[in-house]
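**Q** Right, I'll just put the structure down here and ask away after.
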Amino acid sequence: MDAQKLHSIRHECATLKDGSPHPSRPQIPVVVGQETWSRIHALFRELLASANSNIDLDIDPLAAVWSDALTDLCMFVRNAAAMDQSNQAAANSADIVSDIISTIRVTLRCEMTYPEAKKCGAAAGQALSNMATNNKPLQRQLMESEIRDCKSPIESIYVYLLASTNSKTNMAGLMLILNTIKDDDSLSKLLCTTETGQMLAGRVGEMFGESNDDEADEKTMLYVILEEIIQRGHLTLLLTTDPALEAYGLLNALAVYCNENPGSLVRSQIFDMSLLTAIARILTKCHDLLQNVWKSADDTELGDVGMDDIMAAHRSLASTVSILGTITTDIEQQLAVRVLDSGIIQQVIALLGLLSQNLPRIEKASTASTLPETESGLIKRLFMFKCSLIQIIGNISHNNTAAQNLIREQHGLALVLDHMRIDDNHPFIKEYAVVALRSLLENNPTSQAYVSDMEAKGVVQDPKLASAGIQASLDSSGHISVKREASTNTFNVKENSGT
């Protein structure tokens, strides 16, 4: 196509756009005739054919003119579809949907080169979204062709829209997804069970997790999509096969949902055994990753773990701990049984033990007030979750003998007792431990006897006190003697319990 021909088409497309139905143009009929739709289709075909033949979108100066012409056509479709639903059917019969989809694919490939192409991609996305609004046959057609039957997930039109660097294009894609799955269980399930759909849903979760602006329209739209998936019980389908640490966005949305829907009935419906088992596996992954990070003797190497994996683990653990803290508060019996059967509590105890082993307790009397400035030291500061894990243990054991016994048998009771000391790294951890201990011991004679039978086994000498000539020793009756080597003064302290 020569320059004169392209400019002529560009002028015709601009004229069509200026004459499209719009609230600001009440004199223009809202219903577009079939002849106009046929002409728009012909213009689409001519422009798209030139992109596949004699216009090099990477270097040709005519590419900007070409993009503007396509933008005008897409804006016509967008306006007409929004003004009257009959235009959707007429445009669809003229094969306009295929034209829009082809335009999205072609223009978004070069949006980084031409601002005009980025604008065109957004207009095309909005046009497709408007065409599909309240149009269930088209919604189903798009889901089947672009998700169920898509051979390569990255070629799905939905993925194109969400991968764009233009937020307007992203919003168009999100609106298209929401309108499609809202109040439609079969299409929501299709999204969560196919390879392309799971990739798309994962991208939605990732975008939600990465967004820091809670007031942004995009984040609201992302949450509404994920809320629809959660309410229909389909989140499990995205997490149960092999829940990845990168799913922190999905977990974050679930945490928000739990906080906004605190009712026990809602929690029991959402948290079935499959979802709880998936959460347990995520906790296991976090535990294994951290164990690998801290495996070196000098605590300065990260092993085979990258910082991206560590940050994903941190975000996943933060969301998971928030979820568990919410659902175990005033938990109803049926859900409590499922939580115990899922293996979650065993993983909570294992994580608490791992963090206790690797996060040094900083007491007020200690001179070591900061962690070493190494990458591993930075990681330690990320994983300050001990208070939250203790809270979960206390929540699940409240008025629950089975939970109390399981936690004691898994050495969780001893771990909680070990945290009844000052730790400046975790303010109020002693108070958290006291509350949890009450729940662990209440109406449980076996656990009470377990604590009563504890006795001091030995004394750990503090190097700083030893250098000052102060030594501690334990006698056969459980008394600790503290004395200065050069002095005859001896102070006796009765140790009731401890290690």
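By order in the structure tokens, chains are A, B, ...; within a chain, residues start at 1; ligands start at 1, following the order shown.
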Can you list, as a list in words, every protein, DNA or RNA residue that comes within 10 Å of Leu138 of chain A when you count only C-alpha atoms, leaving out same-chain residues fewer than 4 positions away?

**A**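 Everything that qualifies: Gln88, Ala89, Asn92, Val97, Leu128, Met131, Ala132, Thr133, Asn134, Leu142, Met143, Glu144 and Thr180 of chain A.
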
**Q** Using only N, CA and C atoms, please write the residues we just selected to a file, as a PDB file, in the first residue's frame.

**A**
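So out07.pdb came out as:
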ATOM      1  N   GLN A  88     -23.818  -4.996  18.541  1.00  0.00           N
ATOM      2  CA  GLN A  88     -22.940  -6.140  18.784  1.00  0.00           C
ATOM      3  C   GLN A  88     -23.211  -7.245  17.775  1.00  0.00           C
ATOM      4  N   ALA A  89     -24.487  -7.582  17.615  1.00  0.00           N
ATOM      5  CA  ALA A  89     -24.853  -8.673  16.701  1.00  0.00           C
ATOM      6  C   ALA A  89     -24.524  -8.313  15.261  1.00  0.00           C
ATOM      7  N   ASN A  92     -20.793  -8.428  14.774  1.00  0.00           N
ATOM      8  CA  ASN A  92     -20.323  -9.815  14.811  1.00  0.00           C
ATOM      9  C   ASN A  92     -20.619 -10.526  13.498  1.00  0.00           C
ATOM     10  N   VAL A  97     -15.363  -8.990  15.106  1.00  0.00           N
ATOM     11  CA  VAL A  97     -14.632  -9.538  16.255  1.00  0.00           C
ATOM     12  C   VAL A  97     -13.287 -10.089  15.824  1.00  0.00           C
ATOM     13  N   LEU A 128     -13.253  -4.804  22.052  1.00  0.00           N
ATOM     14  CA  LEU A 128     -13.584  -6.215  22.271  1.00  0.00           C
ATOM     15  C   LEU A 128     -14.364  -6.398  23.569  1.00  0.00           C
ATOM     16  N   MET A 131     -17.874  -5.234  23.024  1.00  0.00           N
ATOM     17  CA  MET A 131     -18.593  -6.196  22.182  1.00  0.00           C
ATOM     18  C   MET A 131     -19.082  -7.395  22.999  1.00  0.00           C
ATOM     19  N   ALA A 132     -18.311  -7.766  24.020  1.00  0.00           N
ATOM     20  CA  ALA A 132     -18.639  -8.956  24.814  1.00  0.00           C
ATOM     21  C   ALA A 132     -19.523  -8.652  26.021  1.00  0.00           C
ATOM     22  N   THR A 133     -19.712  -7.378  26.362  1.00  0.00           N
ATOM     23  CA  THR A 133     -20.517  -7.030  27.524  1.00  0.00           C
ATOM     24  C   THR A 133     -21.970  -7.477  27.332  1.00  0.00           C
ATOM     25  N   ASN A 134     -22.481  -8.236  28.279  1.00  0.00           N
ATOM     26  CA  ASN A 134     -23.852  -8.778  28.216  1.00  0.00           C
ATOM     27  C   ASN A 134     -24.093  -9.605  26.954  1.00  0.00           C
ATOM     28  N   LEU A 142     -15.242 -16.697  22.916  1.00  0.00           N
ATOM     29  CA  LEU A 142     -13.874 -16.244  23.187  1.00  0.00           C
ATOM     30  C   LEU A 142     -13.174 -17.164  24.185  1.00  0.00           C
ATOM     31  N   MET A 143     -13.871 -17.580  25.234  1.00  0.00           N
ATOM     32  CA  MET A 143     -13.262 -18.468  26.229  1.00  0.00           C
ATOM     33  C   MET A 143     -12.886 -19.807  25.611  1.00  0.00           C
ATOM     34  N   GLU A 144     -13.726 -20.308  24.738  1.00  0.00           N
ATOM     35  CA  GLU A 144     -13.441 -21.610  24.123  1.00  0.00           C
ATOM     36  C   GLU A 144     -12.303 -21.515  23.117  1.00  0.00           C
ATOM     37  N   THR A 180     -17.015 -11.978  31.657  1.00  0.00           N
ATOM     38  CA  THR A 180     -17.169 -13.338  31.159  1.00  0.00           C
ATOM     39  C   THR A 180     -17.460 -14.334  32.281  1.00  0.00           C
TER      40      THR A 180
END

**Q** Taking only C-alpha atoms into account, which of A:Ser356, A:Thr196, A:Ser388, A:Ser129 comes nearest Asp149 of chain A?

**A**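 When distances to Asp149 of chain A are compared using only C-alpha atoms, the smallest one comes from A:Thr196.
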
**Q** From the set A:Ala90, A:Ala124, A:Ile101, A:Met112, which residue has the shortest atom-to-atom contact distance to Ala69 of chain A, counting only C-alpha atoms?

**A**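 Ranked by minimum distance to Ala69 of chain A, first place goes to A:Ala124.
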
**Q** Could you give me the residues within segment 228-455 of chain A that DSSP places in helix (DSSP H, G or I), as a PyMOL selection string?

**A** chain A and resi 228-231+235-239+245-260+264-270+273-293+307-327+333-342+344-358+375-382+386-397+401-409+412-418+429-441+445-452

**Q** One decimal, Å: what's the distance from atom CA of Ala94 of chain A over to atom CA of Ala163 of chain A, could you say?

**A**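 These atoms are spaced 28.3 Å apart.
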